[in-house]
file protein.tsv (TSV, C-alpha atoms and all ligand atoms)
chain	number	residue	atom	x	y	z
D	259	MET	CA	-32.85	32.93	33.12
D	260	SER	CA	-35.43	31.77	35.62
D	261	THR	CA	-34.15	31.06	39.11
D	262	ALA	CA	-37.43	29.64	40.40
D	263	VAL	CA	-36.99	26.65	42.69
D	264	SER	CA	-39.56	24.01	43.31
D	265	ALA	CA	-40.98	24.27	46.81
D	266	LYS	CA	-41.50	20.51	46.78
D	267	ALA	CA	-37.86	19.52	46.46
D	268	PRO	CA	-35.30	21.08	48.79
D	269	LYS	CA	-32.01	21.48	46.90
D	270	VAL	CA	-29.99	19.86	49.64
D	271	ALA	CA	-31.37	16.72	51.18
D	272	LEU	CA	-31.15	17.17	54.93
D	273	GLU	CA	-30.54	14.06	56.92
D	274	PHE	CA	-32.03	13.80	60.34
D	275	GLU	CA	-33.05	11.15	62.78
D	276	SER	CA	-36.70	10.44	62.15
D	277	ASN	CA	-36.94	7.70	64.73
D	278	ASP	CA	-36.49	9.89	67.77
D	279	LEU	CA	-40.04	9.69	69.09
D	280	VAL	CA	-40.97	9.11	72.70
D	281	GLN	CA	-42.97	5.89	72.59
D	282	LEU	CA	-44.21	3.78	75.50
D	283	LEU	CA	-46.68	1.57	73.64
D	284	ASP	CA	-45.71	0.48	70.16
D	285	PRO	CA	-48.23	-0.23	67.37
D	286	ASP	CA	-48.21	-3.93	68.32
D	287	GLY	CA	-49.31	-3.10	71.84
D	288	ARG	CA	-45.92	-3.79	73.43
D	289	ARG	CA	-45.00	-1.71	76.49
D	290	LEU	CA	-41.56	-0.19	75.95
D	291	ALA	CA	-39.48	0.74	78.98
D	292	ASP	CA	-38.26	4.33	79.19
D	293	SER	CA	-36.25	5.28	82.25
D	294	HIS	CA	-37.00	8.99	81.85
D	295	TYR	CA	-40.71	8.88	81.03
D	296	ASP	CA	-41.90	5.78	82.95
D	297	PRO	CA	-42.01	7.66	86.30
D	298	PHE	CA	-44.40	10.20	84.76
D	299	VAL	CA	-46.99	7.47	84.17
D	300	ALA	CA	-46.21	5.17	87.11
D	301	ASP	CA	-49.72	5.74	88.54
D	302	ILE	CA	-51.44	4.66	85.30
D	303	THR	CA	-52.50	1.15	86.12
D	304	ASP	CA	-54.37	-1.03	83.64
D	305	ASP	CA	-57.64	0.30	85.10
D	306	ARG	CA	-56.62	3.89	84.36
D	307	LEU	CA	-55.44	2.83	80.93
D	308	THR	CA	-58.83	1.20	80.30
D	309	ALA	CA	-60.48	4.51	81.22
D	310	LEU	CA	-58.24	6.26	78.69
D	311	TYR	CA	-59.15	3.62	76.11
D	312	GLU	CA	-62.84	4.29	76.80
D	313	ASP	CA	-62.20	8.00	76.16
D	314	LEU	CA	-60.56	7.16	72.84
D	315	VAL	CA	-63.51	5.00	71.81
D	316	LEU	CA	-66.08	7.64	72.81
D	317	VAL	CA	-64.21	10.45	71.11
D	318	ARG	CA	-63.93	8.42	67.89
D	319	ARG	CA	-67.62	7.54	68.06
D	320	ILE	CA	-68.66	11.18	68.55
D	321	ASP	CA	-66.49	12.15	65.60
D	322	THR	CA	-67.96	9.44	63.36
D	323	GLU	CA	-71.48	10.49	64.39
D	324	ALA	CA	-70.68	14.14	63.63
D	325	VAL	CA	-69.53	13.24	60.11
D	326	ALA	CA	-72.78	11.31	59.59
D	327	LEU	CA	-74.80	14.24	60.95
D	328	GLN	CA	-73.07	16.57	58.52
D	329	ARG	CA	-73.77	14.23	55.60
D	330	GLN	CA	-77.44	14.19	56.65
D	331	GLY	CA	-77.62	18.01	56.68
D	332	GLU	CA	-77.79	18.34	60.46
D	333	LEU	CA	-74.37	20.00	60.77
D	334	ALA	CA	-73.05	22.58	58.33
D	335	LEU	CA	-69.44	21.42	58.57
D	336	TRP	CA	-67.23	19.16	60.69
D	337	PRO	CA	-63.43	18.87	60.97
D	338	PRO	CA	-62.82	15.16	61.71
D	339	LEU	CA	-60.16	14.09	64.20
D	340	LEU	CA	-59.99	10.45	63.10
D	341	GLY	CA	-56.47	9.17	63.91
D	342	GLN	CA	-55.69	11.97	66.37
D	343	GLU	CA	-57.64	10.64	69.37
D	344	ALA	CA	-54.62	9.67	71.48
D	345	ALA	CA	-52.84	12.99	70.99
D	346	GLN	CA	-55.93	14.82	72.22
D	347	VAL	CA	-57.06	12.51	75.03
D	348	GLY	CA	-53.55	11.84	76.39
D	349	SER	CA	-52.75	15.55	76.67
D	350	ALA	CA	-56.17	16.78	77.82
D	351	ARG	CA	-56.50	14.15	80.55
D	352	ALA	CA	-53.13	15.24	81.95
D	353	LEU	CA	-54.46	18.74	82.65
D	354	ARG	CA	-55.91	20.06	85.88
D	355	LYS	CA	-59.33	21.71	86.00
D	356	ASP	CA	-57.75	25.11	86.60
D	357	ASP	CA	-55.46	24.83	83.57
D	358	PHE	CA	-56.74	26.53	80.44
D	359	VAL	CA	-57.00	25.25	76.86
D	360	PHE	CA	-56.74	27.40	73.73
D	361	SER	CA	-57.54	25.23	70.75
D	362	SER	CA	-58.01	25.18	67.03
D	363	TYR	CA	-61.15	23.74	65.35
D	364	ARG	CA	-60.17	20.04	65.34
D	365	GLU	CA	-59.94	19.50	69.10
D	366	SER	CA	-63.36	18.02	69.82
D	367	GLY	CA	-61.57	15.21	71.72
D	368	VAL	CA	-59.99	17.80	74.01
D	369	ALA	CA	-63.39	19.48	74.41
D	370	PHE	CA	-64.93	16.14	75.40
D	371	CYS	CA	-62.25	15.60	78.05
D	372	ARG	CA	-62.81	19.12	79.43
D	373	GLY	CA	-66.44	18.13	80.03
D	374	ILE	CA	-68.02	20.30	77.35
D	375	GLU	CA	-71.65	19.33	76.74
D	376	LEU	CA	-72.06	17.61	73.38
D	377	VAL	CA	-74.91	19.96	72.48
D	378	ASP	CA	-72.55	22.90	72.99
D	379	LEU	CA	-69.96	21.23	70.81
D	380	ALA	CA	-72.50	20.98	68.00
D	381	ARG	CA	-73.81	24.57	68.07
D	382	ALA	CA	-71.15	26.35	66.05
D	383	TRP	CA	-70.86	23.49	63.53
D	384	ARG	CA	-74.62	23.52	63.01
D	385	GLY	CA	-74.28	27.19	62.20
D	386	THR	CA	-76.73	28.34	64.86
D	387	SER	CA	-74.29	30.06	67.19
D	388	ALA	CA	-71.06	32.00	66.84
D	389	SER	CA	-69.54	29.81	69.54
D	390	GLY	CA	-70.66	27.09	71.84
D	391	TRP	CA	-69.83	27.39	75.51
D	392	ASP	CA	-68.74	29.56	78.42
D	393	PRO	CA	-64.92	29.24	78.41
D	394	TYR	CA	-64.57	29.98	82.12
D	395	ALA	CA	-66.98	27.21	83.11
D	396	VAL	CA	-64.83	24.52	81.48
D	397	GLY	CA	-61.32	26.00	81.23
D	398	MET	CA	-61.31	25.98	77.45
D	399	ALA	CA	-61.69	28.89	75.05
D	400	THR	CA	-64.00	28.44	72.08
D	401	PRO	CA	-62.10	27.23	68.99
D	402	ALA	CA	-59.93	29.62	66.98
D	403	VAL	CA	-60.31	29.19	63.23
D	404	ILE	CA	-57.70	31.86	62.50
D	405	ILE	CA	-54.70	29.60	62.20
D	406	GLY	CA	-52.25	29.98	65.07
D	407	ALA	CA	-53.97	32.95	66.78
D	408	GLN	CA	-54.70	30.91	69.90
D	409	THR	CA	-50.98	30.49	70.67
D	410	LEU	CA	-50.85	34.23	71.43
D	411	HIS	CA	-53.96	33.99	73.60
D	412	ALA	CA	-52.45	31.07	75.52
D	413	THR	CA	-49.17	32.91	76.10
D	414	GLY	CA	-51.00	36.00	77.37
D	415	TYR	CA	-53.19	33.88	79.63
D	416	ALA	CA	-50.14	32.08	81.01
D	417	LEU	CA	-48.48	35.39	81.86
D	418	GLY	CA	-51.70	36.38	83.64
D	419	CYS	CA	-51.44	33.22	85.76
D	420	VAL	CA	-47.95	34.27	86.87
D	421	LYS	CA	-49.19	37.74	87.75
D	422	ASP	CA	-52.09	36.22	89.72
D	423	GLY	CA	-49.65	34.02	91.63
D	424	VAL	CA	-51.38	30.77	90.64
D	425	ASP	CA	-49.71	27.69	89.20
D	426	SER	CA	-52.24	27.05	86.43
D	427	VAL	CA	-50.87	26.32	82.98
D	428	ALA	CA	-52.15	27.36	79.54
D	429	ILE	CA	-51.95	24.93	76.64
D	430	ALA	CA	-52.28	25.88	72.99
D	431	TYR	CA	-53.26	23.24	70.42
D	432	PHE	CA	-52.37	23.87	66.79
D	433	GLY	CA	-51.31	22.01	63.69
D	434	ASP	CA	-48.16	21.49	61.64
D	435	GLY	CA	-49.38	24.06	59.13
D	436	ALA	CA	-49.86	26.65	61.87
D	437	THR	CA	-46.15	26.57	62.67
D	438	SER	CA	-45.58	28.57	59.47
D	439	GLN	CA	-47.77	31.38	60.79
D	440	GLY	CA	-46.16	34.48	62.28
D	441	ASP	CA	-48.49	34.30	65.30
D	442	VAL	CA	-47.05	30.98	66.47
D	443	ASN	CA	-43.48	32.20	66.18
D	444	GLU	CA	-44.33	35.50	67.90
D	445	ALA	CA	-46.00	33.60	70.73
D	446	MET	CA	-42.88	31.47	71.19
D	447	VAL	CA	-40.58	34.51	71.35
D	448	PHE	CA	-42.80	36.07	74.00
D	449	ALA	CA	-43.26	32.84	75.96
D	450	ALA	CA	-39.51	32.17	76.04
D	451	THR	CA	-38.40	35.61	77.11
D	452	PHE	CA	-41.11	35.99	79.78
D	453	HIS	CA	-40.90	32.34	81.00
D	454	ALA	CA	-44.61	31.86	80.43
D	455	PRO	CA	-46.15	28.68	81.87
D	456	VAL	CA	-47.52	27.60	78.51
D	457	ILE	CA	-47.41	24.39	76.49
D	458	PHE	CA	-47.28	24.59	72.72
D	459	PHE	CA	-48.95	21.35	71.67
D	460	CYS	CA	-48.49	20.81	67.93
D	461	GLN	CA	-50.43	17.95	66.40
D	462	ASN	CA	-48.38	17.17	63.35
D	463	ASN	CA	-51.05	15.28	61.41
D	464	GLN	CA	-48.90	15.51	58.24
D	465	TRP	CA	-51.33	17.80	56.40
D	466	ALA	CA	-52.38	21.44	56.24
D	467	ILE	CA	-55.50	20.93	54.15
D	468	SER	CA	-53.86	19.46	50.99
D	469	GLU	CA	-50.29	20.63	51.71
D	470	PRO	CA	-48.00	17.94	53.12
D	471	VAL	CA	-45.86	18.73	56.14
D	472	SER	CA	-42.79	18.63	53.88
D	473	LEU	CA	-43.91	22.04	52.61
D	474	GLN	CA	-43.92	23.44	56.16
D	475	ALA	CA	-40.70	21.88	57.44
D	476	VAL	CA	-37.61	20.13	56.09
D	477	ARG	CA	-36.53	19.24	59.60
D	478	PRO	CA	-38.72	18.00	62.46
D	479	ILE	CA	-40.96	20.81	63.64
D	480	ALA	CA	-39.93	20.26	67.28
D	481	ASP	CA	-36.36	21.20	66.34
D	482	ARG	CA	-37.38	24.83	65.93
D	483	ALA	CA	-38.38	25.45	69.54
D	484	PRO	CA	-34.87	25.30	71.10
D	485	GLY	CA	-33.93	28.15	68.76
D	486	PHE	CA	-36.47	30.24	70.65
D	487	GLY	CA	-35.12	28.99	73.99
D	488	ILE	CA	-37.98	26.54	74.52
D	489	PRO	CA	-37.29	22.84	75.23
D	490	SER	CA	-39.12	20.50	72.90
D	491	VAL	CA	-40.00	16.86	72.53
D	492	ARG	CA	-41.33	14.68	69.70
D	493	VAL	CA	-43.78	12.09	70.84
D	494	ASP	CA	-45.66	9.30	69.12
D	495	GLY	CA	-49.02	11.08	68.94
D	496	ASN	CA	-50.83	7.78	68.50
D	497	ASP	CA	-49.57	6.49	71.86
D	498	VAL	CA	-51.88	7.78	74.59
D	499	LEU	CA	-49.48	6.76	77.37
D	500	ALA	CA	-46.47	8.53	75.87
D	501	VAL	CA	-48.53	11.65	75.16
D	502	THR	CA	-49.67	11.67	78.81
D	503	ALA	CA	-46.06	11.32	79.98
D	504	VAL	CA	-44.63	14.17	77.91
D	505	THR	CA	-47.57	16.45	78.75
D	506	ARG	CA	-47.15	15.76	82.48
D	507	GLU	CA	-43.46	16.59	82.20
D	508	ALA	CA	-44.29	19.88	80.46
D	509	LEU	CA	-46.94	20.70	83.08
D	510	GLU	CA	-44.48	20.03	85.88
D	511	ARG	CA	-41.90	22.30	84.24
D	512	ALA	CA	-44.44	25.09	83.77
D	513	ARG	CA	-45.83	24.86	87.33
D	514	SER	CA	-42.37	24.93	88.87
D	515	GLY	CA	-41.30	28.11	87.09
D	516	GLY	CA	-39.46	26.39	84.23
D	517	GLY	CA	-41.48	28.12	81.52
D	518	ALA	CA	-42.74	26.87	78.19
D	519	THR	CA	-42.44	23.49	76.44
D	520	PHE	CA	-43.06	22.63	72.81
D	521	ILE	CA	-44.56	19.19	72.14
D	522	GLU	CA	-44.74	17.80	68.62
D	523	ALA	CA	-47.23	14.94	68.62
D	524	VAL	CA	-46.55	13.00	65.44
D	525	THR	CA	-49.81	11.58	64.15
D	526	TYR	CA	-51.88	11.34	60.97
D	527	ARG	CA	-55.13	12.87	59.80
D	528	MET	CA	-56.94	9.75	58.61
D	529	GLY	CA	-59.95	11.64	57.26
D	530	PRO	CA	-60.53	14.75	55.18
D	531	HIS	CA	-59.48	18.22	56.35
D	532	THR	CA	-63.17	18.96	56.85
D	533	THR	CA	-66.34	17.41	55.48
D	534	SER	CA	-65.97	19.85	52.53
D	535	ASP	CA	-62.66	18.31	51.46
D	536	ASP	CA	-61.93	15.36	49.16
D	537	PRO	CA	-58.55	13.91	50.24
D	538	SER	CA	-58.62	11.24	47.51
D	539	ARG	CA	-57.37	14.01	45.22
D	540	TYR	CA	-54.07	14.37	47.05
D	541	VAL	CA	-53.48	11.62	49.67
D	542	ASP	CA	-51.36	8.63	48.69
D	543	PRO	CA	-53.46	5.59	49.73
D	544	LEU	CA	-50.29	3.66	50.61
D	545	GLN	CA	-49.23	6.34	53.08
D	546	ARG	CA	-52.66	6.29	54.68
D	547	GLU	CA	-52.56	2.50	54.89
D	548	GLU	CA	-49.18	2.63	56.61
D	549	TRP	CA	-50.59	4.96	59.25
D	550	ALA	CA	-53.67	2.78	59.69
D	551	GLY	CA	-51.21	0.22	61.05
D	552	LYS	CA	-50.29	2.68	63.82
D	553	ASP	CA	-53.87	3.24	64.97
D	554	PRO	CA	-54.09	4.64	68.51
D	555	LEU	CA	-57.03	2.46	69.58
D	556	ALA	CA	-55.81	-0.82	68.08
D	557	ARG	CA	-52.51	-0.78	70.00
D	558	LEU	CA	-54.33	-0.33	73.33
D	559	GLU	CA	-56.73	-3.14	72.45
D	560	LYS	CA	-53.74	-5.41	71.86
D	561	TYR	CA	-52.10	-4.33	75.10
D	562	LEU	CA	-55.15	-4.42	77.38
D	563	GLN	CA	-56.77	-7.61	76.02
D	564	LEU	CA	-60.11	-6.55	77.49
D	565	SER	CA	-62.67	-9.20	78.39
D	566	GLU	CA	-65.67	-9.54	76.05
D	567	ASP	CA	-67.92	-8.06	78.73
D	568	GLU	CA	-65.74	-5.00	79.22
D	569	ALA	CA	-65.41	-4.41	75.46
D	570	ALA	CA	-69.20	-4.75	75.09
D	571	ARG	CA	-69.80	-2.31	77.95
D	572	ILE	CA	-67.57	0.32	76.30
D	573	ALA	CA	-69.18	-0.24	72.88
D	574	ALA	CA	-72.66	0.17	74.40
D	575	ARG	CA	-71.57	3.35	76.16
D	576	ALA	CA	-70.24	4.70	72.83
D	577	ASP	CA	-73.60	4.03	71.17
D	578	GLU	CA	-75.38	5.76	74.01
D	579	VAL	CA	-73.14	8.85	73.80
D	580	ALA	CA	-73.53	9.00	70.01
D	581	ASN	CA	-77.29	8.76	70.37
D	582	ASP	CA	-77.34	11.57	72.94
D	583	PHE	CA	-75.17	13.66	70.64
D	584	ARG	CA	-77.54	13.13	67.70
D	585	THR	CA	-80.63	13.95	69.76
D	586	ALA	CA	-79.03	17.04	71.28
D	587	CYS	CA	-77.83	18.25	67.89
D	588	LYS	CA	-81.26	17.91	66.30
D	589	SER	CA	-82.91	19.70	69.22
D	590	ILE	CA	-80.94	22.92	68.71
D	591	GLN	CA	-83.35	25.73	67.80
D	592	ASP	CA	-82.55	28.20	65.04
D	593	PRO	CA	-81.79	31.59	66.61
D	594	GLU	CA	-83.61	34.80	65.70
D	595	PRO	CA	-81.74	36.09	62.63
D	596	LEU	CA	-81.20	39.55	64.13
D	597	SER	CA	-79.45	38.08	67.18
D	598	LEU	CA	-76.46	37.83	64.82
D	599	PHE	CA	-75.67	41.43	65.75
D	600	ASP	CA	-76.02	41.03	69.53
D	601	ASN	CA	-72.48	40.26	70.65
D	602	VAL	CA	-70.33	41.79	67.95
D	603	TYR	CA	-69.24	44.77	70.08
D	604	ALA	CA	-69.45	45.31	73.84
D	605	THR	CA	-70.77	48.85	73.28
D	606	PRO	CA	-73.28	49.94	70.62
D	607	HIS	CA	-71.80	51.06	67.34
D	608	SER	CA	-73.60	53.21	64.76
D	609	GLY	CA	-72.17	51.33	61.77
D	610	LEU	CA	-73.41	48.05	63.16
D	611	ALA	CA	-76.81	49.56	63.99
D	612	ARG	CA	-77.08	50.63	60.34
D	613	GLN	CA	-76.25	47.12	59.12
D	614	ARG	CA	-78.76	45.67	61.57
D	615	SER	CA	-81.61	47.87	60.35
D	616	ARG	CA	-80.77	47.13	56.71
D	617	TYR	CA	-80.83	43.42	57.44
D	618	ALA	CA	-84.13	43.79	59.33
D	619	ALA	CA	-85.62	45.53	56.28
D	620	TYR	CA	-84.31	42.75	54.04
D	621	LEU	CA	-85.93	40.10	56.27
D	622	GLU	CA	-89.23	42.00	56.25
D	623	GLY	CA	-89.04	42.12	52.47
D	624	LEU	CA	-88.78	38.32	52.42
D	625	GLU	CA	-92.00	38.02	54.45
D	626	SER	CA	-94.12	40.29	52.23
D	701	LIG	C1	-54.67	32.87	59.28
D	701	LIG	C2	-55.31	31.81	58.45
D	701	LIG	N1	-54.78	31.49	57.24
D	701	LIG	C3	-55.33	30.52	56.48
D	701	LIG	C4	-56.46	29.86	56.93
D	701	LIG	C5	-57.07	28.75	56.07
D	701	LIG	N2	-56.81	27.44	56.67
D	701	LIG	C6	-57.75	26.80	57.36
D	701	LIG	S1	-57.20	25.33	57.95
D	701	LIG	C7	-55.69	25.53	57.26
D	701	LIG	C8	-54.61	24.47	57.42
D	701	LIG	C9	-54.15	24.29	58.82
D	701	LIG	O1	-53.33	23.17	58.92
D	701	LIG	P1	-52.74	22.71	60.30
D	701	LIG	O2	-52.25	23.89	61.07
D	701	LIG	O3	-51.76	21.63	60.03
D	701	LIG	O4	-54.01	22.14	61.10
D	701	LIG	P2	-54.93	20.87	60.76
D	701	LIG	O5	-56.05	21.39	59.91
D	701	LIG	O6	-54.10	19.87	60.07
D	701	LIG	O7	-55.45	20.40	62.07
D	701	LIG	C10	-55.62	26.74	56.58
D	701	LIG	C11	-54.44	27.22	55.86
D	701	LIG	C12	-57.00	30.23	58.17
D	701	LIG	N3	-58.08	29.63	58.70
D	701	LIG	N4	-56.40	31.19	58.93
D	702	MG	MG	-52.03	19.58	60.06
call {"tool": "encode", "arguments": {"input": "protein.tsv", "output": "C-alpha cells"}}
result
Amino acid sequence: MSTAVSAKAPKVALEFESNDLVQLLDPDGRRLADSHYDPFVADITDDRLTALYEDLVLVRRIDTEAVALQRQGELALWPPLLGQEAAQVGSARALRKDDFVFSSYRESGVAFCRGIELVDLARAWRGTSASGWDPYAVGMATPAVIIGAQTLHATGYALGCVKDGVDSVAIAYFGDGATSQGDVNEAMVFAATFHAPVIFFCQNNQWAISEPVSLQAVRPIADRAPGFGIPSVRVDGNDVLAVTAVTREALERARSGGGATFIEAVTYRMGPHTTSDDPSRYVDPLQREEWAGKDPLARLEKYLQLSEDEAARIAARADEVANDFRTACKSIQDPEPLSLFDNVYATPHSGLARQRSRYAAYLEGLES
C-alpha cells in the first residue's frame, strides 16, 4: 500500500498566530503606536520619511525600467522586486557605511541604497560581466545566485569583524525558499554559537519561483531561529518604518555584543520570479489583488499627504534616474570574448589554458 503523503496538505493543521507582525504604518496610512519599536524610529520626522518615500519611488522606477529594458533586448534577464521596495529600503537605509551586505539576486533596491552606480547594476544582467562592482568600495558583495550561500559568507565576515575589533555588522538577504537550504541553517548554527554580529534578513515574498511558502514552512519562518538560539522578529515587510525599526534593533544588538538576529519581512512578490517566468500559470489573481491593497508606497502616500509640487518633484527625479539608467545600460560595451577566462582562478591553471585556446580557435573559425 502506498504511504505517499501530499506535500501540499500537512496532515495536522497547525494553528498559529498569523497576525503577530510588527507594524507602525498600516495599509491605510495610519501610524500605529508601539511602545517597544517607536523609540527606534523617534528621529524619523516627516522629512526623513519623505526621503524614504523618494527612495521607494526611485527603486520602483529603476525596477520597472529594467523590466522594459529586458523586454527590449537590452538586458538578458531581470529579477523584479516589485512589492518588496520597503523591505529593502527600510533595512538598507538603517545600515552604516562600514556594515557589509551579502545579498541574493533580487536586492537591486539594497544596491541602490548602498550607492552602487546604476551602470554597474546593469552589467551582470546585460550578460557583459561576471559581476558588477567592487564590493569593498560600497560595502556590498556582488549578488549570490546560489540560493542561501551568502548567509555563510555573511557569518564569516561578521566573525572577521569581531576579530578585527570593529563594531561593523554583516547582513545577509535571502528569500523564504532559501530557508530550506542547508547553507542557511548551517550559517545560523555557526552564527549562534560564535555570537556573530550578523543579521539574517529573510524577505518572505510568499514564493520560491512557483512554489508557495506553504511548501517551505507550516509555521512562520521566524519561529525557527530561536531553535538555533537566535532571537527573531516578524515584521510587515511593506512598512518601511517598521522595517527600519526592527533592523535598527538588530544592528544595536549586534554592535553591543548580543550576536545575531533573524528578521522575517513578510511581503509579496508582485511580479514574476524573473523576466523568464510566467506567474499567471500559478499565482491566484485574488491573492495578488489582496496584496496590492498592502502596497508599500501607497500607504506612505496616504500618511504623508505630499503637496502636488513635492510629488511632482519626486516623479521628475524618478524619470531622470530611469533615463540615466537606460542610457548607461545601452552604453555598456561588449567585452572581448576571451576575457571570460581572465578572473576564473587567481593563479594560471593548465586546464583553463587549454579551454581558452580551444575557445580562441573556435572564435577564429567563426571569422574565416
Ligand atoms: C542552490 C540552488 N538551488 C536551486 C537554485 C534555483 N533557484 C533559483 S531561484 C530559486 C527560488 C528561491 O526562492 P526564494 O529563496 O524565496 O527567493 P526569491 O526568488 O523569492 O527572492 C531557486 C530554487 C539555485 N539558484 N541555487
Ligand atoms: Mg521567495
call {"tool": "residues_near_ligand", "arguments": {"input": "protein.tsv", "ligand": "ligand LIG 701 (chain D)", "cutoff": "10 Å", "atoms": "only C-alpha atoms and all ligand atoms", "output": "PyMOL selection string"}}
result
chain D and resi 337-339+342+362-365+402-407+431-441+460-471+474+526-527+530-532
call {"tool": "closest_residue", "arguments": {"input": "protein.tsv", "among": "D:Ser472, D:Thr505, D:Val602, D:Gly609", "to": "ligand MG 702 (chain D)", "atoms": "only C-alpha atoms and all ligand atoms"}}
result
D:Ser472
call {"tool": "closest_residue", "arguments": {"input": "protein.tsv", "among": "D:Leu544, D:Ala570, D:Ala523, D:Leu282", "to": "ligand MG 702 (chain D)", "atoms": "all atoms listed in the file"}}
result
D:Ala523
call {"tool": "residues_near_point", "arguments": {"input": "protein.tsv", "point": "(-72.3, 4.5, 66.1)", "cutoff": "9 Å", "atoms": "all atoms listed in the file", "output": "ChimeraX atom specification"}}
result
/D:319-320,322-323,573,576-581
call {"tool": "closest_residue", "arguments": {"input": "protein.tsv", "among": "D:Val299, D:Ala604, D:Ala350, D:Val524", "to": "ligand MG 702 (chain D)", "atoms": "only C-alpha atoms and all ligand atoms"}}
result
D:Val524
call {"tool": "residues_around", "arguments": {"input": "protein.tsv", "residues": "Thr519 (chain D)", "least_positions_apart": "6", "cutoff": "8 Å", "atoms": "all atoms listed in the file", "output": "ChimeraX atom specification"}}
result
/D:456-458,488-490,508,511-512
call {"tool": "closest_residue", "arguments": {"input": "protein.tsv", "among": "D:Val476, D:Thr409, D:Gly397, D:Gly341", "to": "ligand MG 702 (chain D)", "atoms": "all atoms listed in the file"}}
result
D:Gly341
call {"tool": "atom_distance", "arguments": {"input": "protein.tsv", "atom1": "CA of Trp383 (chain D)", "atom2": "CA of Leu353 (chain D)"}}
result
25.6 Å
call {"tool": "closest_residue", "arguments": {"input": "protein.tsv", "among": "D:Asp301, D:Asp392, D:Glu547, D:Glu522", "to": "ligand MG 702 (chain D)", "atoms": "all atoms listed in the file"}}
result
D:Glu522
call {"tool": "atom_distance", "arguments": {"input": "protein.tsv", "atom1": "CA of Glu312 (chain D)", "atom2": "CA of Pro297 (chain D)"}}
result
23.1 Å
call {"tool": "closest_residue", "arguments": {"input": "protein.tsv", "among": "D:Ile572, D:Met398, D:Ala445, D:Ala291", "to": "Val317 (chain D)", "atoms": "only C-alpha atoms"}}
result
D:Ile572
call {"tool": "atom_distance", "arguments": {"input": "protein.tsv", "atom1": "CA of Glu548 (chain D)", "atom2": "CA of Tyr561 (chain D)"}}
result
20.0 Å
call {"tool": "residues_around", "arguments": {"input": "protein.tsv", "residues": "Gln330 (chain D)", "least_positions_apart": "3", "cutoff": "12 Å", "atoms": "all atoms listed in the file", "output": "list in words"}}
result
Glu323, Ala324, Val325, Ala326, Leu327, Leu333, Ala334, Leu335, Arg384, Thr533, Arg584, Cys587 and Lys588 of chain D
call {"tool": "axis_aligned_box", "arguments": {"input": "protein.tsv", "around": "region 433-446 of chain D", "padding_each_side": "4 Å", "output": "AutoDock Vina command-line options"}}
result
--center_x -47.1 --center_y 28.5 --center_z 65.2 --size_x 16.4 --size_y 22.0 --size_z 20.1
call {"tool": "residues_around", "arguments": {"input": "protein.tsv", "residues": "Leu598 (chain D)", "least_positions_apart": "4", "cutoff": "9 Å", "atoms": "all atoms listed in the file", "output": "VMD selection string"}}
result
chain D and resid 387 to 388 593 to 594 602 614
